[in-house]
file protein_25.tsv (TSV, C-alpha atoms)
chain	number	residue	atom	x	y	z
A	412	MET	CA	-1.47	149.45	102.23
A	413	ASP	CA	-1.49	153.23	101.72
A	414	ASP	CA	0.27	155.60	104.08
A	415	GLN	CA	-2.96	156.53	105.85
A	416	GLY	CA	-3.92	152.90	106.38
A	417	LEU	CA	-0.45	152.14	107.72
A	418	GLN	CA	-0.63	155.07	110.12
A	419	ASP	CA	-4.04	153.90	111.35
A	420	LEU	CA	-2.60	150.44	112.01
A	421	VAL	CA	0.37	151.96	113.87
A	422	ARG	CA	-1.98	154.02	116.06
A	423	ALA	CA	-4.18	151.02	116.77
A	424	ALA	CA	-1.17	148.90	117.76
A	425	ALA	CA	0.38	151.67	119.89
A	426	SER	CA	-2.83	152.07	121.91
A	427	ARG	CA	-2.79	148.42	123.05
A	428	VAL	CA	-0.65	146.32	125.34
A	429	PRO	CA	2.03	144.27	123.50
A	430	LEU	CA	0.08	141.01	123.54
A	431	ASP	CA	-3.05	142.63	122.03
A	432	ALA	CA	-0.95	144.54	119.51
A	433	ALA	CA	0.61	141.27	118.36
A	434	GLU	CA	-2.85	139.73	117.95
A	435	LEU	CA	-3.83	142.72	115.81
A	436	LEU	CA	-0.79	142.22	113.55
A	437	ARG	CA	-1.07	138.43	113.19
A	438	GLY	CA	-3.34	138.69	110.16
A	439	GLU	CA	-1.10	141.16	108.31
A	440	PRO	CA	1.62	140.30	105.77
A	441	ALA	CA	5.18	140.22	107.09
A	442	GLU	CA	6.10	143.39	105.14
A	443	ARG	CA	3.31	145.36	106.80
A	444	VAL	CA	4.18	144.01	110.21
A	445	GLN	CA	7.80	145.10	109.67
A	446	ALA	CA	6.64	148.58	108.59
A	447	VAL	CA	4.45	148.92	111.69
A	448	LEU	CA	7.21	147.77	114.05
A	449	GLU	CA	9.60	150.32	112.58
A	450	ARG	CA	7.17	153.13	113.44
A	451	LEU	CA	6.42	151.99	117.00
A	452	PRO	CA	8.55	153.00	120.01
A	453	ARG	CA	11.66	150.82	120.04
A	454	GLN	CA	11.04	148.94	123.28
A	455	PHE	CA	7.33	148.55	122.61
A	456	ALA	CA	8.15	147.07	119.20
A	457	ARG	CA	10.54	144.58	120.85
A	458	ASP	CA	7.83	143.56	123.32
A	459	VAL	CA	5.32	143.06	120.51
A	460	GLN	CA	7.83	140.89	118.61
A	461	THR	CA	8.08	138.45	121.53
A	462	HIS	CA	4.38	137.61	121.04
A	463	LEU	CA	4.48	137.29	117.23
A	464	PRO	CA	4.85	133.96	115.39
A	465	PRO	CA	8.46	133.36	114.21
A	466	GLY	CA	7.46	133.99	110.60
A	467	LEU	CA	6.36	137.55	111.38
A	468	ARG	CA	9.37	138.55	113.47
A	469	PRO	CA	12.22	140.46	111.82
A	470	VAL	CA	15.06	138.08	111.03
A	471	GLU	CA	17.59	139.80	113.25
A	472	THR	CA	15.36	139.59	116.35
A	473	ALA	CA	13.67	136.24	115.84
A	474	THR	CA	16.11	134.41	118.09
A	475	THR	CA	17.52	137.17	120.28
A	476	ALA	CA	16.45	137.79	123.83
A	477	LEU	CA	14.56	140.81	125.06
A	478	GLU	CA	16.65	143.93	125.37
A	479	LEU	CA	15.50	146.16	128.18
A	480	PRO	CA	15.29	149.86	127.36
A	481	GLY	CA	17.97	152.20	128.60
A	482	THR	CA	16.22	155.58	128.60
A	483	VAL	CA	12.79	157.19	128.50
A	484	ALA	CA	13.34	157.89	124.78
A	485	ASP	CA	13.13	154.13	124.15
A	486	LEU	CA	9.65	154.01	125.67
A	487	MET	CA	7.97	157.23	124.60
A	488	GLU	CA	5.31	157.71	121.92
A	489	PRO	CA	5.08	160.67	119.52
A	490	ILE	CA	3.33	163.68	121.01
A	491	ALA	CA	-0.28	163.98	119.92
A	492	ALA	CA	-1.62	167.13	121.54
A	493	VAL	CA	0.42	170.30	122.14
A	494	LEU	CA	-1.29	173.68	121.81
A	495	PRO	CA	-0.10	177.22	122.53
A	496	GLU	CA	-1.19	178.40	125.94
A	497	SER	CA	-2.88	181.36	124.27
A	498	ALA	CA	-5.33	179.02	122.46
A	499	THR	CA	-8.91	179.03	123.70
A	500	VAL	CA	-11.05	176.23	125.01
A	501	GLN	CA	-12.98	176.30	121.74
A	502	ASP	CA	-9.73	175.89	119.81
A	503	ALA	CA	-8.82	172.88	121.96
A	504	ILE	CA	-12.21	171.23	121.42
A	505	GLU	CA	-11.97	171.74	117.66
A	506	PHE	CA	-8.46	170.28	117.76
A	507	LEU	CA	-9.74	167.16	119.52
A	508	ARG	CA	-12.64	166.75	117.11
A	509	ALA	CA	-10.30	166.91	114.12
A	510	SER	CA	-7.66	164.62	115.64
A	511	ARG	CA	-7.45	160.98	114.57
A	512	ASP	CA	-5.80	160.23	117.92
A	513	ALA	CA	-8.49	161.80	120.11
A	514	ARG	CA	-9.22	158.54	121.95
A	515	GLN	CA	-5.57	158.19	122.88
A	516	ILE	CA	-5.24	161.73	124.23
A	517	THR	CA	-5.37	161.81	128.02
A	518	TYR	CA	-4.07	165.36	128.54
A	519	LEU	CA	-3.50	168.42	126.39
A	520	TYR	CA	-0.09	170.03	126.82
A	521	THR	CA	0.54	173.74	126.36
A	522	SER	CA	3.65	175.60	125.25
A	523	GLY	CA	4.73	179.20	125.66
A	524	ALA	CA	6.19	181.58	123.11
A	525	ASP	CA	9.57	179.84	123.46
A	526	GLU	CA	7.90	176.46	122.63
A	527	ARG	CA	8.83	175.08	126.04
A	528	LEU	CA	6.32	172.97	127.96
A	529	SER	CA	4.33	175.35	130.14
A	530	GLY	CA	1.26	173.48	131.34
A	531	LEU	CA	-1.15	170.57	131.28
A	532	VAL	CA	-4.90	170.68	130.62
A	533	VAL	CA	-7.23	167.95	131.85
A	534	ILE	CA	-9.91	167.13	129.27
A	535	ARG	CA	-12.65	167.36	131.91
A	536	ASP	CA	-11.76	171.00	132.55
A	537	LEU	CA	-12.49	171.84	128.93
A	538	LEU	CA	-16.11	170.80	129.45
A	539	LEU	CA	-16.44	172.97	132.55
A	540	SER	CA	-14.91	176.14	131.08
A	541	ARG	CA	-16.16	178.92	128.83
A	542	PRO	CA	-15.38	178.50	125.12
A	543	ASP	CA	-13.51	181.83	125.01
A	544	GLN	CA	-11.24	181.07	127.98
A	545	ALA	CA	-7.54	180.81	127.22
A	546	LEU	CA	-5.87	177.52	128.10
A	547	SER	CA	-3.43	179.50	130.24
A	548	GLU	CA	-6.30	180.20	132.65
A	549	LEU	CA	-7.16	176.55	133.35
A	550	MET	CA	-3.89	174.71	132.75
A	551	LEU	CA	-1.85	173.19	135.55
A	552	PRO	CA	1.44	175.13	135.27
A	553	SER	CA	4.88	173.52	135.21
A	554	PRO	CA	3.77	169.88	135.10
A	555	PHE	CA	6.17	167.09	135.96
A	556	ALA	CA	8.01	165.86	132.87
A	557	PHE	CA	10.70	163.33	132.05
A	558	ALA	CA	13.80	164.25	130.10
A	559	ALA	CA	14.28	162.01	127.09
A	560	SER	CA	17.70	161.03	128.44
A	561	THR	CA	16.37	159.91	131.85
A	562	PRO	CA	17.37	156.28	132.53
A	563	ALA	CA	14.36	153.98	132.58
A	564	GLY	CA	15.22	152.81	136.09
A	565	GLU	CA	15.18	156.37	137.42
A	566	ALA	CA	11.87	157.01	135.62
A	567	ILE	CA	10.33	153.99	137.38
A	568	LYS	CA	11.42	155.32	140.77
A	569	ALA	CA	9.86	158.71	139.99
A	570	ALA	CA	6.62	157.14	138.74
A	571	VAL	CA	6.21	155.02	141.88
A	572	HIS	CA	5.36	158.17	143.86
A	573	ARG	CA	3.10	159.79	141.22
A	574	HIS	CA	0.95	157.20	139.40
A	575	TYR	CA	0.04	159.47	136.48
A	576	PRO	CA	-1.45	157.70	133.45
A	577	VAL	CA	0.71	159.71	131.01
A	578	TYR	CA	3.92	161.73	131.38
A	579	PRO	CA	5.27	164.35	128.95
A	580	VAL	CA	8.81	163.84	127.68
A	581	VAL	CA	10.95	166.90	126.92
A	582	ASP	CA	14.33	167.61	125.37
A	583	ASP	CA	17.16	169.53	127.01
A	584	ALA	CA	15.51	172.83	126.04
A	585	GLY	CA	12.19	171.86	127.62
A	586	ARG	CA	10.33	171.31	124.34
A	587	VAL	CA	7.84	168.44	124.26
A	588	LEU	CA	9.12	165.43	122.30
A	589	GLY	CA	6.54	162.81	123.15
A	590	THR	CA	4.57	161.12	125.90
A	591	LEU	CA	5.25	158.14	128.10
A	592	ARG	CA	2.38	155.98	129.33
A	593	GLY	CA	2.62	154.89	132.93
A	594	TRP	CA	1.71	151.27	132.19
A	595	ARG	CA	4.81	150.94	130.00
A	596	LEU	CA	7.02	151.96	132.91
A	597	PHE	CA	5.40	149.43	135.22
A	598	GLU	CA	5.56	146.75	132.53
A	599	ARG	CA	9.28	147.41	132.33
A	600	GLN	CA	9.52	147.23	136.10
A	601	ALA	CA	7.68	143.89	136.09
A	602	ILE	CA	10.26	142.54	133.63
A	603	GLU	CA	13.09	143.74	135.86
A	604	ILE	CA	11.52	142.24	138.97
A	605	THR	CA	10.96	138.87	137.34
A	606	ALA	CA	14.56	139.01	136.13
A	607	GLN	CA	15.90	139.64	139.64
A	608	SER	CA	14.92	136.24	141.03
A	609	GLY	CA	16.75	134.57	138.15
A	610	GLN	CA	19.80	136.81	138.43
A	611	MET	CA	20.16	135.89	142.10
A	612	VAL	CA	20.79	132.27	141.10
A	613	GLY	CA	22.93	133.01	138.05
A	614	VAL	CA	20.25	133.32	135.36
A	615	ASP	CA	20.94	136.25	133.04
A	616	LYS	CA	18.11	138.80	132.83
A	617	GLU	CA	18.11	138.44	129.03
A	618	GLU	CA	17.36	134.71	129.16
A	619	ARG	CA	13.78	133.81	128.26
A	620	VAL	CA	11.90	130.54	127.83
A	621	TYR	CA	12.70	130.55	124.11
A	622	THR	CA	16.46	131.12	124.56
A	623	ASN	CA	18.24	128.20	122.91
A	624	LEU	CA	20.14	125.54	124.88
A	625	TRP	CA	23.68	126.70	124.10
A	626	GLN	CA	22.98	130.36	124.89
A	627	ALA	CA	21.33	129.36	128.20
A	628	PHE	CA	24.33	127.17	129.08
A	629	ARG	CA	26.80	130.01	128.39
A	630	MET	CA	24.74	132.42	130.50
A	631	ARG	CA	24.35	130.12	133.50
A	632	HIS	CA	27.47	127.96	133.75
A	633	PRO	CA	30.10	130.61	134.68
A	634	TRP	CA	28.12	131.54	137.80
A	635	LEU	CA	27.90	127.89	138.83
A	636	GLN	CA	31.71	127.63	138.62
A	637	ILE	CA	32.06	130.73	140.81
A	638	ASN	CA	29.53	129.31	143.27
A	639	LEU	CA	31.53	126.05	143.40
A	640	LEU	CA	34.70	127.92	144.29
A	641	THR	CA	32.99	129.80	147.11
A	642	ALA	CA	31.43	126.55	148.37
A	643	PHE	CA	34.95	125.15	148.75
A	644	LEU	CA	35.61	127.91	151.31
A	645	ALA	CA	32.73	126.72	153.45
A	646	GLY	CA	33.96	123.14	153.07
A	647	PHE	CA	37.43	124.20	154.17
A	648	VAL	CA	36.05	125.76	157.36
A	649	VAL	CA	34.19	122.56	158.23
A	650	ALA	CA	37.32	120.51	157.52
A	651	LEU	CA	39.24	122.57	160.11
A	652	PHE	CA	36.94	121.16	162.81
A	653	GLU	CA	36.96	117.54	161.62
A	654	GLY	CA	38.16	116.40	165.03
A	655	THR	CA	35.28	118.16	166.78
A	656	ILE	CA	32.71	116.56	164.48
A	657	SER	CA	34.23	113.11	164.94
A	658	GLN	CA	33.92	113.43	168.71
A	659	ILE	CA	30.42	114.96	168.71
A	660	VAL	CA	28.65	113.24	165.84
A	661	ALA	CA	25.33	114.94	166.62
A	662	LEU	CA	26.80	118.24	165.38
A	663	ALA	CA	26.91	116.91	161.82
A	664	ALA	CA	23.12	116.64	161.70
A	665	PHE	CA	22.72	120.27	162.77
A	666	LEU	CA	25.19	121.79	160.29
A	667	PRO	CA	22.70	121.95	157.37
A	668	ILE	CA	19.96	123.14	159.74
A	669	LEU	CA	22.08	126.05	160.91
A	670	ALA	CA	23.27	126.87	157.39
A	671	GLY	CA	19.74	126.81	156.01
A	672	GLN	CA	18.27	128.97	158.77
A	673	SER	CA	20.99	131.61	158.62
A	674	GLY	CA	20.88	131.57	154.81
A	675	ASN	CA	17.14	132.22	154.79
A	676	THR	CA	17.54	135.04	157.29
A	677	GLY	CA	20.22	136.60	155.09
A	678	CYS	CA	18.04	136.24	151.99
A	679	GLN	CA	15.25	138.14	153.72
A	680	ALA	CA	17.59	141.03	154.51
A	681	LEU	CA	19.02	140.85	150.99
A	682	ALA	CA	15.54	141.02	149.42
A	683	ILE	CA	14.64	144.15	151.40
A	684	THR	CA	17.97	145.81	150.58
A	685	LEU	CA	17.63	145.07	146.85
A	686	ARG	CA	14.08	146.39	146.92
A	687	GLY	CA	15.34	149.57	148.57
A	688	LEU	CA	18.01	149.96	145.89
A	689	THR	CA	15.51	149.34	143.08
A	690	LEU	CA	12.85	151.76	144.36
A	691	GLY	CA	15.28	154.40	145.62
A	692	ASP	CA	14.17	154.00	149.25
A	693	LEU	CA	17.79	154.00	150.50
A	694	ALA	CA	18.19	157.55	149.23
A	695	ARG	CA	15.86	158.63	152.05
A	696	TYR	CA	16.33	155.88	154.64
A	697	PRO	CA	19.78	155.84	156.30
A	698	VAL	CA	21.77	152.66	155.75
A	699	ARG	CA	22.83	152.59	159.40
A	700	ARG	CA	19.16	152.40	160.46
A	701	LEU	CA	18.50	149.57	158.03
A	702	LEU	CA	21.62	147.81	159.26
A	703	GLY	CA	20.59	148.18	162.90
A	704	LYS	CA	17.09	146.91	162.18
A	705	GLU	CA	18.31	143.84	160.28
A	706	LEU	CA	20.87	143.01	162.98
A	707	LEU	CA	18.16	143.15	165.63
A	708	LEU	CA	15.75	141.13	163.48
A	709	GLY	CA	18.45	138.54	162.91
A	710	ALA	CA	19.15	138.28	166.62
A	711	LEU	CA	15.45	137.95	167.50
A	712	ASN	CA	14.79	135.38	164.79
A	713	GLY	CA	17.92	133.49	165.81
A	714	ALA	CA	16.90	133.49	169.48
A	715	PHE	CA	13.44	132.03	168.85
A	716	THR	CA	14.39	129.54	166.15
A	717	GLY	CA	17.52	128.73	168.12
A	718	ALA	CA	15.40	127.79	171.12
A	719	VAL	CA	13.59	125.16	169.04
A	720	ALA	CA	16.87	123.90	167.58
A	721	ALA	CA	18.46	123.80	171.05
A	722	ALA	CA	15.57	121.73	172.39
A	723	ALA	CA	16.00	119.33	169.47
A	724	MET	CA	19.73	119.04	170.18
A	725	TRP	CA	19.11	118.44	173.90
A	726	TRP	CA	16.63	115.68	173.12
A	727	THR	CA	18.95	114.13	170.50
A	728	ALA	CA	22.00	114.20	172.78
A	729	ALA	CA	20.06	112.96	175.82
A	730	HIS	CA	18.55	110.16	173.78
A	731	ALA	CA	22.11	109.13	172.88
A	732	HIS	CA	23.02	109.30	176.62
A	733	ASN	CA	25.47	112.15	176.04
A	734	PRO	CA	26.24	113.87	179.38
A	735	GLN	CA	27.00	117.10	177.55
A	736	ALA	CA	23.41	117.48	176.29
A	737	PRO	CA	22.69	120.83	178.07
A	738	MET	CA	25.97	122.36	176.89
A	739	LEU	CA	25.38	121.17	173.31
A	740	ALA	CA	21.93	122.77	173.39
A	741	LEU	CA	23.54	126.03	174.55
A	742	VAL	CA	26.05	125.79	171.71
A	743	ILE	CA	23.27	125.41	169.16
A	744	TRP	CA	21.31	128.34	170.61
A	745	LEU	CA	24.32	130.66	170.68
A	746	ALA	CA	25.36	129.60	167.18
A	747	MET	CA	21.86	130.23	165.80
A	748	VAL	CA	21.67	133.69	167.38
A	749	GLY	CA	25.13	134.64	166.14
A	750	ALA	CA	24.69	133.18	162.66
A	751	CYS	CA	21.30	134.84	162.06
A	752	THR	CA	22.61	138.16	163.35
A	753	LEU	CA	25.61	137.99	161.01
A	754	SER	CA	23.38	136.94	158.11
A	755	GLY	CA	21.36	140.13	158.60
A	756	LEU	CA	24.61	142.07	158.38
A	757	PHE	CA	25.62	140.24	155.20
A	758	GLY	CA	22.18	140.70	153.62
A	759	VAL	CA	22.52	144.48	153.87
A	760	MET	CA	26.23	145.00	153.28
A	761	VAL	CA	26.90	142.56	150.43
A	762	PRO	CA	24.70	144.29	147.79
A	763	LEU	CA	25.77	147.75	148.94
A	764	LEU	CA	29.47	146.87	148.72
A	765	LEU	CA	29.03	145.19	145.34
A	766	ARG	CA	27.27	148.24	143.95
A	767	ARG	CA	30.03	150.49	145.26
A	768	CYS	CA	32.58	148.28	143.51
A	769	GLY	CA	30.67	148.56	140.23
A	770	ALA	CA	29.27	145.00	140.23
A	771	ASP	CA	25.61	144.11	139.73
A	772	PRO	CA	24.27	143.57	143.27
A	773	VAL	CA	21.42	141.36	142.03
A	774	THR	CA	23.56	138.93	140.08
A	775	ALA	CA	26.44	138.53	142.50
A	776	SER	CA	24.87	139.03	145.94
A	777	SER	CA	23.42	135.55	146.47
A	778	ILE	CA	26.76	133.83	145.84
A	779	PHE	CA	28.65	135.91	148.40
A	780	LEU	CA	25.74	135.89	150.82
A	781	THR	CA	25.51	132.10	150.77
A	782	THR	CA	29.26	131.76	151.30
A	783	GLY	CA	29.26	134.27	154.16
A	784	THR	CA	26.33	132.77	156.00
A	785	ASP	CA	27.62	129.21	155.61
A	786	ILE	CA	31.08	130.09	156.91
A	787	ALA	CA	29.72	132.23	159.75
A	788	GLY	CA	27.06	129.76	160.84
A	789	MET	CA	28.94	126.47	160.63
A	790	GLY	CA	32.23	127.98	161.72
A	791	LEU	CA	30.64	129.63	164.76
A	792	MET	CA	28.87	126.45	165.84
A	793	LEU	CA	31.98	124.30	165.54
A	794	LEU	CA	34.13	126.92	167.26
A	795	LEU	CA	31.69	127.13	170.19
A	796	ALA	CA	31.53	123.35	170.44
A	797	SER	CA	35.32	123.10	170.49
A	798	THR	CA	35.58	125.80	173.14
A	799	LEU	CA	32.65	125.02	175.44
A	800	VAL	CA	32.21	121.25	175.14
A	801	LEU	CA	35.60	119.65	174.39
call {"tool": "encode", "arguments": {"input": "protein_25.tsv", "output": "C-alpha cells"}}
result
Amino acid sequence: MDDQGLQDLVRAAASRVPLDAAELLRGEPAERVQAVLERLPRQFARDVQTHLPPGLRPVETATTALELPGTVADLMEPIAAVLPESATVQDAIEFLRASRDARQITYLYTSGADERLSGLVVIRDLLLSRPDQALSELMLPSPFAFAASTPAGEAIKAAVHRHYPVYPVVDDAGRVLGTLRGWRLFERQAIEITAQSGQMVGVDKEERVYTNLWQAFRMRHPWLQINLLTAFLAGFVVALFEGTISQIVALAAFLPILAGQSGNTGCQALAITLRGLTLGDLARYPVRRLLGKELLLGALNGAFTGAVAAAAMWWTAAHAHNPQAPMLALVIWLAMVGACTLSGLFGVMVPLLLRRCGADPVTASSIFLTTGTDIAGMGLMLLLASTLVL
C-alpha cells in the first residue's frame, strides 16, 4: 500500500470507535494493520487491538491486558485545522474544500502571530459570515484547551462539566498539538468505572476476560489473603462474647443479619464517596457535610430497618418463651441504629484516609469497610446484650 493509501486507512480508522476500526482492519494484511496501529493515538491503538483477531495483534500486546492512558497526550489525534486569525472566511472555506480530513473537522482553531491558540471557529459561522471577514471577527476567543501533560483522570473531570465534542490540546507554550474527542474521554471513564466494581473485591483493573488463568490468580489471590486476615479480627470479637451467645442462642441467628445490613449501608456511603473522588465533587462539597449526611442517613436507615429486625427478634424470643423478649428486641434495635450509623462513618472516612496514605481507595476500601462494619455491628450487639440482658 502506498503512503497515501496508508494515510487514508489511518484517517478512516481514527474517525471510528475502536470496535468499528477493528472491523475495518480485519481484511488487511498483518503488516498493514501494524503500520496503521503505529500511526494511531497510543491508547486508541490499544483499544483497537483488543477487538482484533490474535493473528492481527502485535506480538508484544497479544496477551497483555489493557493499559489505561496516563495523560491527554495518549488520547489526542493530530491537529487537522489551524489557521492564522488573520485568514478570511473565504480562506477557511477553501482550506476545508482542499482538506482530506474535512469530514472529521468539527471546529477550526486560530493562532496569533506567536502561534499560540487564540480562538475557535464554529463551521456554521463560516456559512453566515461575509467571505472577506477575518476569522478574528467571528472566532470565540481563548477557548478551553487541555495541556498535553494533563492526567486523563483530571481531563475527565473537566469534560464532565463541558460536554464539548472536541477539545484542543496545547503544549506548555500554548501552541496547538492536536485534538481530543470527547467520546474518547468518556470511553476511558467507562473503562475506569467498570474496573472499580472489580477493584473493590480484589480484581485488578488490568484484568480482562481474556487474561490467562495464572495471571488472574496472581492478581486476585493476595487480596483474598488480606481479606482473610481482617475476617479473623471480626471472628475474634465474636469469640470474646462466646458466653453471651451460649446463653442467648437467638443472638446467633441475628449476627449475619446485622453484619449484612450494616455492610450494605457502608457500601452505599462508600459508593457515593468514591464517586465524589472520581468526579472531583469533593473539591467543592465539604467533607464534613458529607460525613454529617451519611451519619444521619445511617441512623435513619438503622432505625427503620432495626424496627423490623427488633420485631422479628421479639417474635422469635417470645415463641421460644424467653422472658427477655422485649429487652432483646431493644438490643437489636439499638445495635442496628449504632451499626448503620458507624457504617456511614466508615464508608466516608475509609477511602479518604486511604487516599491520604497513598493507597488506592477503590482497591483497598471494601476490605477495611467490611472489617469495620462487621466488628462494629456484631461487637455492639453482643456488648449491648451482655450489658442489658445478662
call {"tool": "closest_residue", "arguments": {"input": "protein_25.tsv", "among": "A:Gly691, A:Pro495, A:Val649, A:His574", "to": "Leu662 in chain A", "atoms": "all atoms listed in the file"}}
result
A:Val649
call {"tool": "closest_residue", "arguments": {"input": "protein_25.tsv", "among": "A:Ile659, A:Leu756, A:Leu539, A:Ala720", "to": "Lys704 in chain A", "atoms": "only C-alpha atoms"}}
result
A:Leu756
call {"tool": "closest_residue", "arguments": {"input": "protein_25.tsv", "among": "A:Ile656, A:Leu639, A:Ala503, A:Leu430", "to": "Leu538 in chain A", "atoms": "all atoms listed in the file"}}
result
A:Ala503
call {"tool": "atom_distance", "arguments": {"input": "protein_25.tsv", "atom1": "CA of Asp485 in chain A", "atom2": "CA of Val580 in chain A"}}
result
11.2 Å
call {"tool": "residues_around", "arguments": {"input": "protein_25.tsv", "residues": "Ala728 in chain A", "least_positions_apart": "3", "cutoff": "10 Å", "atoms": "only C-alpha atoms", "output": "MDAnalysis selection string"}}
result
chainID A and resid 659:662 722:725 731:740
call {"tool": "write_last_selection", "arguments": {"input": "protein_25.tsv", "atoms": "C-alpha atoms", "output": "mmCIF file, keeping the file's coordinate frame"}}
result
data_model
loop_
_atom_site.group_PDB
_atom_site.id
_atom_site.type_symbol
_atom_site.label_atom_id
_atom_site.label_comp_id
_atom_site.auth_asym_id
_atom_site.auth_seq_id
_atom_site.Cartn_x
_atom_site.Cartn_y
_atom_site.Cartn_z
ATOM 1 C CA ILE A 659 30.420 114.960 168.710
ATOM 2 C CA VAL A 660 28.650 113.240 165.840
ATOM 3 C CA ALA A 661 25.330 114.940 166.620
ATOM 4 C CA LEU A 662 26.800 118.240 165.380
ATOM 5 C CA ALA A 722 15.570 121.730 172.390
ATOM 6 C CA ALA A 723 16.000 119.330 169.470
ATOM 7 C CA MET A 724 19.730 119.040 170.180
ATOM 8 C CA TRP A 725 19.110 118.440 173.900
ATOM 9 C CA ALA A 731 22.110 109.130 172.880
ATOM 10 C CA HIS A 732 23.020 109.300 176.620
ATOM 11 C CA ASN A 733 25.470 112.150 176.040
ATOM 12 C CA PRO A 734 26.240 113.870 179.380
ATOM 13 C CA GLN A 735 27.000 117.100 177.550
ATOM 14 C CA ALA A 736 23.410 117.480 176.290
ATOM 15 C CA PRO A 737 22.690 120.830 178.070
ATOM 16 C CA MET A 738 25.970 122.360 176.890
ATOM 17 C CA LEU A 739 25.380 121.170 173.310
ATOM 18 C CA ALA A 740 21.930 122.770 173.390
#
call {"tool": "closest_residue", "arguments": {"input": "protein_25.tsv", "among": "A:Met487, A:Leu706, A:Ala566, A:Val532", "to": "Ser754 in chain A", "atoms": "only C-alpha atoms"}}
result
A:Leu706
call {"tool": "closest_atom_pairs", "arguments": {"input": "protein_25.tsv", "of": "range 434-519 of chain A", "to": "range 591-595 of chain A", "cutoff": "12 Å", "atoms": "only C-alpha atoms", "output": "CSV"}}
result
residue,atom,partner,partner_atom,distance
A:Pro452,CA,A:Leu591,CA,10.1
A:Gln454,CA,A:Arg595,CA,9.4
A:Phe455,CA,A:Arg595,CA,8.2
A:Ala456,CA,A:Arg595,CA,11.9
A:Asp458,CA,A:Arg595,CA,10.4
A:Leu479,CA,A:Arg595,CA,11.9
A:Pro480,CA,A:Arg595,CA,10.9
A:Thr482,CA,A:Leu591,CA,11.3
A:Val483,CA,A:Leu591,CA,7.6
A:Ala484,CA,A:Leu591,CA,8.7
A:Asp485,CA,A:Leu591,CA,9.7
A:Leu486,CA,A:Leu591,CA,6.5
A:Met487,CA,A:Leu591,CA,4.5
A:Glu488,CA,A:Leu591,CA,6.2
A:Pro489,CA,A:Leu591,CA,8.9
A:Ile490,CA,A:Leu591,CA,9.2
A:Ala491,CA,A:Leu591,CA,11.5
A:Gln515,CA,A:Arg592,CA,10.5
A:Ile516,CA,A:Arg592,CA,10.8
A:Thr517,CA,A:Arg592,CA,9.8
A:Tyr518,CA,A:Arg592,CA,11.4
call {"tool": "residues_around", "arguments": {"input": "protein_25.tsv", "residues": "Pro552 in chain A", "least_positions_apart": "6", "cutoff": "8 Å", "atoms": "all atoms listed in the file", "output": "VMD selection string"}}
result
chain A and resid 529 to 531
call {"tool": "residues_around", "arguments": {"input": "protein_25.tsv", "residues": "Arg541 in chain A", "least_positions_apart": "2", "cutoff": "12 Å", "atoms": "all atoms listed in the file", "output": "PyMOL selection string"}}
result
chain A and resi 499-504+536-539+543-546+548-549
call {"tool": "closest_residue", "arguments": {"input": "protein_25.tsv", "among": "A:Phe757, A:Phe665, A:Phe652, A:Trp726", "to": "Ala787 in chain A", "atoms": "only C-alpha atoms"}}
result
A:Phe757
call {"tool": "closest_residue", "arguments": {"input": "protein_25.tsv", "among": "A:Ala796, A:Ala423, A:Ala446, A:Ala513", "to": "Thr655 in chain A", "atoms": "all atoms listed in the file"}}
result
A:Ala796
call {"tool": "atom_distance", "arguments": {"input": "protein_25.tsv", "atom1": "CA of Gln658 in chain A", "atom2": "CA of Leu799 in chain A"}}
result
13.5 Å
call {"tool": "atom_distance", "arguments": {"input": "protein_25.tsv", "atom1": "CA of Arg422 in chain A", "atom2": "CA of Tyr578 in chain A"}}
result
18.1 Å
call {"tool": "decode", "arguments": {"input": "protein_25.tsv", "residues": "range 547-555 of chain A", "atoms": "N, CA, C and O atoms", "output": "compact mmCIF listing (two decimals), in the first residue's frame"}}
result
# COMPACT_ATOMS: atom_id res chain seq x y z
N SER A 547 -10.71 36.44 12.96
CA SER A 547 -10.62 37.08 14.27
C SER A 547 -11.93 37.78 14.65
O SER A 547 -12.18 38.02 15.84
N GLU A 548 -12.76 38.09 13.66
CA GLU A 548 -14.02 38.78 13.93
C GLU A 548 -15.13 37.82 14.37
O GLU A 548 -16.10 38.25 14.99
N LEU A 549 -15.05 36.55 14.01
CA LEU A 549 -16.12 35.62 14.37
C LEU A 549 -15.66 34.49 15.27
O LEU A 549 -16.46 33.65 15.68
N MET A 550 -14.38 34.43 15.60
CA MET A 550 -13.90 33.34 16.45
C MET A 550 -14.34 33.55 17.89
O MET A 550 -14.63 34.68 18.33
N LEU A 551 -14.42 32.46 18.63
CA LEU A 551 -14.63 32.51 20.07
C LEU A 551 -13.26 32.60 20.71
O LEU A 551 -12.46 31.65 20.63
N PRO A 552 -12.91 33.73 21.33
CA PRO A 552 -11.54 33.91 21.84
C PRO A 552 -11.25 33.06 23.07
O PRO A 552 -12.15 32.70 23.83
N SER A 553 -9.98 32.72 23.22
CA SER A 553 -9.48 31.99 24.39
C SER A 553 -10.33 30.75 24.71
O SER A 553 -10.90 30.64 25.81
N PRO A 554 -10.44 29.82 23.80
CA PRO A 554 -11.24 28.62 24.07
C PRO A 554 -10.58 27.73 25.12
O PRO A 554 -9.36 27.78 25.31
N PHE A 555 -11.39 26.92 25.77
CA PHE A 555 -10.85 25.97 26.74
C PHE A 555 -9.98 24.96 26.01
O PHE A 555 -10.34 24.47 24.94
